[in-house]
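Participant: Input: one structure, supplied below.
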Amino acid sequence: MKIAVMSCIHGNSEALDAVLLDIDQEKAEKIFCLGDLVGYGPEPNAVVTKIRSLNIPTCAGCWDEDIVEGLNACDCSYPSLLAEKRGKIAHEWTNQEINPENREFLAQLPHSFREANLAFVHGSPHSNHEYLLPELDAFAALERVLSTNADVLFCGHTHVPYVRNLDGSSLQVCVKGEGIEEQKIKFNTPLKQIINVGSVGEPRHGRPNATYVIYDTDTQAVKLREVPYNYQQTCAAIIEKGLPAIFAWRLSQGLEYAERADDPTHVCTK
């Protein structure tokens with residue numbers, strides 16, 4: 001069976017429509033979504049309503065969680081005070097814009113879910129706010145997958161797609177302690193995989209195109225899809241709605257934009 005997995009739509013209905021059309025052309029039999037339906041983008045209600053109408057299994061993203069529960073990320077999660085100010089502007093605007101039905105839908109989204117040997121999360125199995133970066137220590141990455149009791153872990157949150165194979169037989173851990181001779185323990189687990197599906201509505205891989213993944217459950221083949229769309233229309237809507245103009249710029253470039261921290265103590269080191 002071919003499945004489509006997408007994430008991080010961020011109120012960008014133009015990108016969502018383009019990806020749904022591409023999914024249809026790819027003849028995927030089922031669609032999964034890894035959250036962050038809202039935030040930054042100008043059309044949060046249109047996105048949530050579409051996901052609801054299509055009955056797409058969806059887990060909660062950090063933005064979805066924050067709109068329901070209020071801002072609860074650690075205070076140092078922004079790289080600078082200016083970036084934090086813009087993030088709060090986007091949160092307050094989205095919080096006022098979202099309608100009651102869609103807010104209730106966001107409130108009912110699970111943190112994660114499973115389908116056969118596949119696990120789906122937004123950030124990581126531990127937290128919606130944790131980034132599973134491709135350079136994450138191999139032991140830590142393998143632990144994240146093993147914690148789900150699945151073979152393949154789909155995630156988003158970073159807005160940059162990648163596929164990482166984890167061969168547990170190649171990992172060793174040194175164990176030592178008082179009165180204990182140092183031992184090297186080798187892990188022997190089947191091959192595990194982390195698949196980051198990137199972002200539909202706010203890509204950060206250097207191009208404005210939306211990204212998502214097609215996965216074949218029979219062959220385990222992974223296809224990273226990159227879909228062009230009319231991002232200029234979304235950029236214009238961002239400006240029109242009064243959201244920070246830098247959101248339009250970074251969408252057009254497919255890049256993160258973060259100033260150097262005003263105060264180094266404000267940078268998250270957790």
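To be explicit about the labels: the chains of the structure tokens are called A, B, and onward in the order shown, and within each one the residues are counted from 1, while ligands get numbers from 1 in the order they are shown.
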Do you know which residues are at most 10 Å from region 141-145 of chain A counting only C-alpha atoms, after dropping those on the same chain fewer than 3 positions away, and could you put them as a ChimeraX atom specification?
Facilitator: /A:118-119,124-126,132-138,148-154,164-168,171,189,191-194
Participant: How about saving the chosen residues, N, CA, C and O atoms kept, as a compact mmCIF listing (two decimals), in the first residue's frame?
Facilitator:
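In the end it all went to again.txt:
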# COMPACT_ATOMS: atom_id res chain seq x y z
N LEU A 118 4.48 1.20 11.80
CA LEU A 118 4.81 2.60 11.56
C LEU A 118 4.33 3.46 12.73
O LEU A 118 3.22 3.26 13.23
N ALA A 119 5.17 4.41 13.14
CA ALA A 119 4.79 5.35 14.20
C ALA A 119 4.82 6.76 13.64
O ALA A 119 5.67 7.09 12.80
N SER A 124 9.08 14.47 18.28
CA SER A 124 9.65 13.18 18.64
C SER A 124 8.66 12.45 19.54
O SER A 124 7.69 13.05 20.01
N PRO A 125 8.89 11.16 19.83
CA PRO A 125 7.99 10.46 20.75
C PRO A 125 7.98 11.08 22.14
O PRO A 125 7.03 10.89 22.90
N HIS A 126 9.03 11.83 22.49
CA HIS A 126 9.14 12.41 23.82
C HIS A 126 8.46 13.77 23.94
O HIS A 126 7.92 14.11 24.99
N LEU A 132 14.23 16.14 15.90
CA LEU A 132 15.03 14.98 15.51
C LEU A 132 15.84 15.37 14.27
O LEU A 132 15.41 15.16 13.13
N LEU A 133 17.00 15.97 14.51
CA LEU A 133 17.84 16.43 13.42
C LEU A 133 18.62 15.26 12.82
O LEU A 133 18.91 14.28 13.51
N PRO A 134 19.00 15.35 11.55
CA PRO A 134 19.69 14.22 10.92
C PRO A 134 21.03 13.90 11.54
O PRO A 134 21.51 12.78 11.44
N GLU A 135 21.65 14.89 12.22
CA GLU A 135 22.95 14.65 12.85
C GLU A 135 22.83 14.20 14.31
O GLU A 135 23.84 14.07 15.01
N LEU A 136 21.61 13.94 14.78
CA LEU A 136 21.42 13.47 16.14
C LEU A 136 22.24 12.21 16.38
O LEU A 136 22.34 11.34 15.51
N ASP A 137 22.85 12.12 17.56
CA ASP A 137 23.63 10.94 17.94
C ASP A 137 22.86 9.66 17.60
O ASP A 137 21.66 9.55 17.88
N ALA A 138 23.54 8.70 16.99
CA ALA A 138 22.87 7.49 16.49
C ALA A 138 22.19 6.71 17.61
O ALA A 138 21.10 6.16 17.41
N THR A 148 8.91 3.66 20.45
CA THR A 148 7.58 3.57 19.85
C THR A 148 7.17 2.14 19.55
O THR A 148 6.03 1.89 19.14
N ASN A 149 8.11 1.19 19.71
CA ASN A 149 7.86 -0.22 19.35
C ASN A 149 7.51 -0.37 17.87
O ASN A 149 6.78 -1.28 17.49
N ALA A 150 8.02 0.54 17.06
CA ALA A 150 7.78 0.48 15.62
C ALA A 150 9.12 0.32 14.89
O ALA A 150 10.19 0.45 15.49
N ASP A 151 9.06 0.05 13.62
CA ASP A 151 10.27 -0.05 12.81
C ASP A 151 10.59 1.25 12.09
O ASP A 151 11.75 1.53 11.78
N VAL A 152 9.55 2.02 11.79
CA VAL A 152 9.72 3.27 11.06
C VAL A 152 9.05 4.39 11.85
O VAL A 152 7.89 4.26 12.25
N LEU A 153 9.79 5.46 12.08
CA LEU A 153 9.25 6.62 12.80
C LEU A 153 9.16 7.79 11.83
O LEU A 153 10.18 8.25 11.30
N PHE A 154 7.94 8.26 11.58
CA PHE A 154 7.73 9.45 10.76
C PHE A 154 7.65 10.67 11.67
O PHE A 154 6.95 10.65 12.69
N ARG A 164 16.74 8.52 7.38
CA ARG A 164 17.91 8.02 8.11
C ARG A 164 17.71 6.57 8.49
O ARG A 164 16.72 6.22 9.16
N ASN A 165 18.63 5.70 8.07
CA ASN A 165 18.60 4.29 8.43
C ASN A 165 19.47 4.07 9.67
O ASN A 165 20.60 4.58 9.74
N LEU A 166 18.95 3.31 10.62
CA LEU A 166 19.66 3.06 11.88
C LEU A 166 19.87 1.57 12.05
O LEU A 166 18.91 0.82 12.27
N ASP A 167 21.11 1.12 11.95
CA ASP A 167 21.44 -0.30 12.09
C ASP A 167 21.94 -0.52 13.51
O ASP A 167 23.06 -0.17 13.86
N GLY A 168 21.09 -1.09 14.35
CA GLY A 168 21.43 -1.26 15.76
C GLY A 168 22.64 -2.14 15.99
O GLY A 168 23.31 -2.02 17.02
N LEU A 171 25.99 -0.27 16.81
CA LEU A 171 26.09 0.64 17.93
C LEU A 171 26.66 -0.06 19.16
O LEU A 171 26.30 -1.19 19.48
N THR A 189 19.67 -4.90 17.09
CA THR A 189 18.25 -4.69 16.77
C THR A 189 18.09 -4.69 15.26
O THR A 189 19.03 -4.41 14.52
N LEU A 191 17.00 -3.31 11.56
CA LEU A 191 17.14 -1.99 10.96
C LEU A 191 15.92 -1.14 11.27
O LEU A 191 14.78 -1.58 11.12
N LYS A 192 16.16 0.05 11.77
CA LYS A 192 15.09 1.01 12.05
C LYS A 192 15.29 2.22 11.15
O LYS A 192 16.36 2.45 10.60
N GLN A 193 14.24 3.03 11.05
CA GLN A 193 14.28 4.16 10.11
C GLN A 193 13.57 5.36 10.72
O GLN A 193 12.53 5.23 11.37
N ILE A 194 14.17 6.54 10.51
CA ILE A 194 13.50 7.80 10.79
C ILE A 194 13.27 8.50 9.46
O ILE A 194 14.22 8.67 8.68
Participant: I'd like the contact shell of region 242-259 of chain A - 7 Å cut-off, only C-alpha atoms, skipping same-chain residues fewer than 4 positions apart - returned as a list in words.
Facilitator: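 Final neighbour list, sorted by chain and number: Tyr40, Pro79, Ser80, Ala83, Arg86, Ala90, Glu202, Pro203, Arg204, His205, Gly206, Arg207, Pro208, Tyr231, Cys235 and Ile238 of chain A.
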Participant: Measuring atom to atom with only C-alpha atoms, identify which of A:Ala28, A:Val200, A:Val160, A:Leu54 is nearest to His10 (chain A).
Facilitator: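 Of the candidates, the smallest distance to His10 (chain A) is held by A:Val200.
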Participant: Interatomic distance between CA of His157 (chain A) and CA of Ala236 (chain A)?
Facilitator: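 Result for CA of His157 (chain A) versus CA of Ala236 (chain A): 24.3 Å, one decimal.
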Participant: Return the single residue from A:Ile67, A:Val227, A:Ile31, A:Met6 that is closest to Asn209 (chain A), with distances computed using only C-alpha atoms.
Facilitator: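 So, comparing all the options, the nearest one is A:Val227.
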Participant: Write out as number ranges by chain all residues of region 31-251 of chain A that backbone DSSP assigns to strand (DSSP E or B).
Facilitator: A: 31-33, 58, 112-115, 118-121, 152-155, 162-166, 172-177, 180-186, 192-196, 210-216, 222-227
Participant: I need the residue nearest His129 (chain A) from this list: A:Ala15, A:Ala237, A:Cys155, A:Ile214. Use only C-alpha atoms for the distance.
Facilitator: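 Closest to His129 (chain A) of all the choices is A:Cys155.
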Participant: Quick one: of A:Ala210, A:Val163, A:Leu224, A:Cys59, who's nearest to Gln108 (chain A), counting only C-alpha atoms?
Facilitator: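 Once distances to Gln108 (chain A) are computed over only C-alpha atoms, the minimum belongs to A:Cys59.
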Participant: Would you mind reading off the distance between CA of His111 (chain A) and CA of Asn45 (chain A), one decimal, in Å?
Facilitator: 20.7 Å
Participant: Quick one: residues within 6 Å of Pro161 (chain A), only C-alpha atoms counted, chain neighbours fewer than 4 positions away excluded, as a list of chain:residue names?
Facilitator: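 Near neighbours after the sequence-gap exclusion: A:Asn196, A:Val197, A:Gly198.
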